[in-house]
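Read through the structure below, which is laid out as structure tokens, and then see the notes.
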Amino acid sequence: MSWLGRLLRNRRPEEGSYGWNQANLAGPETVEVASRDFADGGSLPKRHAGKRVGGENLSPQLSWSALPDGTTEVLLLVEDLDVPLGSAPAIHCLAVVEPAALTTSNEVPGGGLDKRSPAAGVTLLRSTIGRGYLGPEPVKGHGPHRYTFQVFALGGSLLSRGDDVLKRRPRAVLAGLDVPVLARGRITGLYER
């Protein structure tokens, strides 16, 4: 299958389609996002990759700096910025985190985005395929893929809208976000086959 990756090597979504670049997700870039499992711009360990490529589909540990006053929820978005099919990045996870409900302040533990048993305070929304964290499974031979873990401090609630937000497609949730983004930050991990 590496021939397919080489054939699609120059195909990637337009930068304007990244969640980070949506006007309604703009905000001060004052949140520092970190992980004990990978460095910003470094490789994601294989255990965080999807099971079809030999990984464990285990979401990495994520933490972030203090959030601004008035933050009611955190929107966590994980995108594959280099997926060669479609006009927008693949969403590998979309979740709402209630900061007050987290066991450890400003941290989602490793495996905390699992669809069967999410961490306390984490509500999983739909992703491109299914619900919960979907580890990297890039096309072999396509080159390195950037997986961006984005944190948005929201000054309003998505979850108060009830089941509607849980059922909507992820791009519809992002496009319809109409609460203020008080701050944001991101960290990027690389994965290649």
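Here's how to read the names in the structure tokens: chain A, B, ... by the order shown, residue numbers from 1 in each chain, ligand numbers from 1 in the order shown.
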Margin query: For A:Gly70, find every residue with an atom within 10 Å (counting only C-alpha atoms), except residues of its own chain fewer than 4 positions away, and show them as a PyMOL selection string.
Written below: chain A and resi 153-156+182
Using only N, CA and C atoms, please write the residues we just selected to a file, as a short mmCIF file (atom, residue, chain, number, x, y, z; two decimals), in the first residue's frame.
```
data_model
loop_
_atom_site.label_atom_id
_atom_site.label_comp_id
_atom_site.auth_asym_id
_atom_site.auth_seq_id
_atom_site.Cartn_x
_atom_site.Cartn_y
_atom_site.Cartn_z
N ALA A 153 -10.33 27.33 25.63
CA ALA A 153 -11.04 27.70 26.87
C ALA A 153 -12.30 28.46 26.47
N LEU A 154 -13.45 27.88 26.77
CA LEU A 154 -14.73 28.47 26.35
C LEU A 154 -15.36 29.28 27.47
N GLY A 155 -15.89 30.44 27.11
CA GLY A 155 -16.59 31.30 28.05
C GLY A 155 -18.09 31.07 28.01
N GLY A 156 -18.50 29.87 27.73
CA GLY A 156 -19.90 29.47 27.67
C GLY A 156 -19.95 27.96 27.56
N LEU A 182 -11.91 32.19 25.13
CA LEU A 182 -11.17 33.09 25.99
C LEU A 182 -9.66 32.94 25.84
#
```
Per residue of stretch 133-169 of chain A within 12 Å of stretch 103-114 of chain A, what are the shortest atom pair and its distance in Å to one decimal, counting only C-alpha atoms, with rows by chain and residue number, as JSON lines?
```
{"residue": "A:Tyr133", "atom": "CA", "partner": "A:Leu113", "partner_atom": "CA", "distance": 5.4}
{"residue": "A:Leu134", "atom": "CA", "partner": "A:Asp114", "partner_atom": "CA", "distance": 8.7}
{"residue": "A:Gly135", "atom": "CA", "partner": "A:Asp114", "partner_atom": "CA", "distance": 10.5}
{"residue": "A:Phe149", "atom": "CA", "partner": "A:Val108", "partner_atom": "CA", "distance": 11.9}
{"residue": "A:Val151", "atom": "CA", "partner": "A:Asn106", "partner_atom": "CA", "distance": 10.5}
{"residue": "A:Ala153", "atom": "CA", "partner": "A:Asn106", "partner_atom": "CA", "distance": 11.0}
```
Next item on the list: Pick out the closest residue to A:Gly176 from this set: A:Arg161, A:Leu58, A:Asp40, A:Pro28. Count only C-alpha atoms.
Entry: A:Arg161
Check: DSSP says alpha helix (DSSP H) for which residues of stretch 133-189 of chain A? Put them as a list in words?
Finding: Asp163, Asp164, Val165, Leu166, Lys167, Pro170, Arg171, Ala172, Val173, Leu174 and Ala175 of chain A
Selection file, N, CA and C atoms, as a CSV table (one decimal), in the first residue's frame:
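Output file result-v1.csv is given in full below:
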```
chain,number,residue,atom,x,y,z
A,163,ASP,N,-28.6,16.9,24.1
A,163,ASP,CA,-28.2,15.8,23.2
A,163,ASP,C,-27.8,16.3,21.8
A,164,ASP,N,-28.3,17.5,21.4
A,164,ASP,CA,-28.1,18.0,20.1
A,164,ASP,C,-26.6,18.0,19.8
A,165,VAL,N,-25.8,18.5,20.7
A,165,VAL,CA,-24.3,18.7,20.4
A,165,VAL,C,-23.7,17.3,20.4
A,166,LEU,N,-24.2,16.3,21.1
A,166,LEU,CA,-23.7,15.0,21.1
A,166,LEU,C,-23.9,14.2,19.8
A,167,LYS,N,-25.0,14.6,19.1
A,167,LYS,CA,-25.4,13.9,17.9
A,167,LYS,C,-24.8,14.5,16.6
A,170,PRO,N,-18.8,16.4,13.7
A,170,PRO,CA,-17.8,17.3,14.4
A,170,PRO,C,-17.7,18.6,13.7
A,171,ARG,N,-17.6,18.6,12.4
A,171,ARG,CA,-17.5,19.9,11.7
A,171,ARG,C,-18.6,20.9,11.9
A,172,ALA,N,-19.9,20.3,12.1
A,172,ALA,CA,-21.0,21.1,12.4
A,172,ALA,C,-20.9,21.7,13.8
A,173,VAL,N,-20.4,20.9,14.7
A,173,VAL,CA,-20.2,21.4,16.1
A,173,VAL,C,-19.2,22.6,16.0
A,174,LEU,N,-18.1,22.4,15.3
A,174,LEU,CA,-17.1,23.5,15.3
A,174,LEU,C,-17.7,24.7,14.6
A,175,ALA,N,-18.3,24.5,13.4
A,175,ALA,CA,-18.9,25.7,12.7
A,175,ALA,C,-19.9,26.4,13.5
```
Exercise: A:Pro136 partners within 8 Å, only C-alpha atoms, chain neighbours under 5 positions left out, as an mmCIF file with C-alpha atoms, in the first residue's frame:
```
data_model
loop_
_atom_site.group_PDB
_atom_site.id
_atom_site.type_symbol
_atom_site.label_atom_id
_atom_site.label_comp_id
_atom_site.auth_asym_id
_atom_site.auth_seq_id
_atom_site.Cartn_x
_atom_site.Cartn_y
_atom_site.Cartn_z
ATOM 1 C CA HIS A 48 -0.879 6.115 20.706
ATOM 2 C CA ALA A 49 -1.426 4.902 17.105
ATOM 3 C CA GLY A 50 -4.489 2.984 15.962
ATOM 4 C CA ASP A 80 -4.747 15.018 11.375
ATOM 5 C CA HIS A 92 -9.438 12.109 15.595
ATOM 6 C CA TYR A 147 -1.621 15.381 14.788
ATOM 7 C CA TYR A 191 3.406 9.954 13.112
#
```
Notebook entry, point to check: Can you list every residue in stretch 3-123 of chain A that DSSP puts in strand (DSSP E or B), as a list of chain:residue names?
Noted result: A:Val33, A:Ala34, A:Ser43, A:Leu62, A:Ser63, A:Trp64, A:Glu73, A:Val74, A:Leu75, A:Leu76, A:Leu77, A:Val78, A:Glu79, A:Asp80, A:Ala90, A:Ile91, A:His92, A:Cys93, A:Leu94, A:Ala95, A:Val96, A:Val97, A:Glu107, A:Val108, A:Val122, A:Thr123
Checklist line | Close residues, A:Val181 itself excluded, 12 Å, only C-alpha atoms, min 3 positions apart in chain, as a ChimeraX atom specification | finding: /A:20,22-31,67-75,151-158,174,177-178,184-185
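Of the listed residues A:Asp82, A:Ala119, A:Gly41, A:Ala100, the one whose atoms come nearest to A:Ser59 is A:Ala119, with distances taken using only C-alpha atoms.
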Notebook entry, point to check: What lies within 12 Å of A:His145 using only C-alpha atoms, ignoring chain neighbours under 3 positions off, as a VMD selection string?
Noted result: chain A and resid 5 9 11 to 13 41 to 44 49 79 to 84 89 to 90 135 to 142 148 188 to 193
Filtering to C-alpha atoms, could you give me those residues as a PDB file, in the first residue's frame?
```
ATOM      1  CA  GLY A   5       0.864   6.913  -0.091  1.00  0.00           C
ATOM      2  CA  ARG A   9       2.015  12.446  -1.282  1.00  0.00           C
ATOM      3  CA  ARG A  11      -2.533  15.857  -1.312  1.00  0.00           C
ATOM      4  CA  ARG A  12      -3.385  17.577   1.942  1.00  0.00           C
ATOM      5  CA  PRO A  13      -6.277  19.737   3.207  1.00  0.00           C
ATOM      6  CA  GLY A  41       6.926  18.644  17.064  1.00  0.00           C
ATOM      7  CA  GLY A  42       8.179  15.227  18.195  1.00  0.00           C
ATOM      8  CA  SER A  43       7.009  11.746  17.274  1.00  0.00           C
ATOM      9  CA  LEU A  44       3.981  10.151  18.873  1.00  0.00           C
ATOM     10  CA  ALA A  49      -1.426   4.902  17.105  1.00  0.00           C
ATOM     11  CA  GLU A  79      -6.914  16.790  13.958  1.00  0.00           C
ATOM     12  CA  ASP A  80      -4.747  15.018  11.375  1.00  0.00           C
ATOM     13  CA  LEU A  81      -3.634  18.012   9.317  1.00  0.00           C
ATOM     14  CA  ASP A  82      -2.165  15.836   6.557  1.00  0.00           C
ATOM     15  CA  VAL A  83      -4.936  13.372   5.705  1.00  0.00           C
ATOM     16  CA  PRO A  84      -4.874  13.077   1.887  1.00  0.00           C
ATOM     17  CA  PRO A  89      -8.432  17.496   8.269  1.00  0.00           C
ATOM     18  CA  ALA A  90      -9.699  14.283   9.832  1.00  0.00           C
ATOM     19  CA  GLY A 135      -5.086   6.965  17.063  1.00  0.00           C
ATOM     20  CA  PRO A 136      -3.007   7.749  13.963  1.00  0.00           C
ATOM     21  CA  GLU A 137      -3.294   5.329  11.057  1.00  0.00           C
ATOM     22  CA  PRO A 138      -1.821   7.319   8.153  1.00  0.00           C
ATOM     23  CA  VAL A 139      -1.472   5.849   4.694  1.00  0.00           C
ATOM     24  CA  LYS A 140       1.864   4.042   4.440  1.00  0.00           C
ATOM     25  CA  GLY A 141       4.384   5.984   2.364  1.00  0.00           C
ATOM     26  CA  HIS A 142       2.453   9.280   2.554  1.00  0.00           C
ATOM     27  CA  THR A 148      -2.556  18.611  16.506  1.00  0.00           C
ATOM     28  CA  THR A 188       1.583  18.741  17.678  1.00  0.00           C
ATOM     29  CA  GLY A 189       2.836  15.187  17.467  1.00  0.00           C
ATOM     30  CA  LEU A 190       4.117  13.460  14.328  1.00  0.00           C
ATOM     31  CA  TYR A 191       3.406   9.954  13.112  1.00  0.00           C
ATOM     32  CA  GLU A 192       4.580   8.233   9.917  1.00  0.00           C
ATOM     33  CA  ARG A 193       4.345   4.764   8.400  1.00  0.00           C
TER      34      ARG A 193
END
```
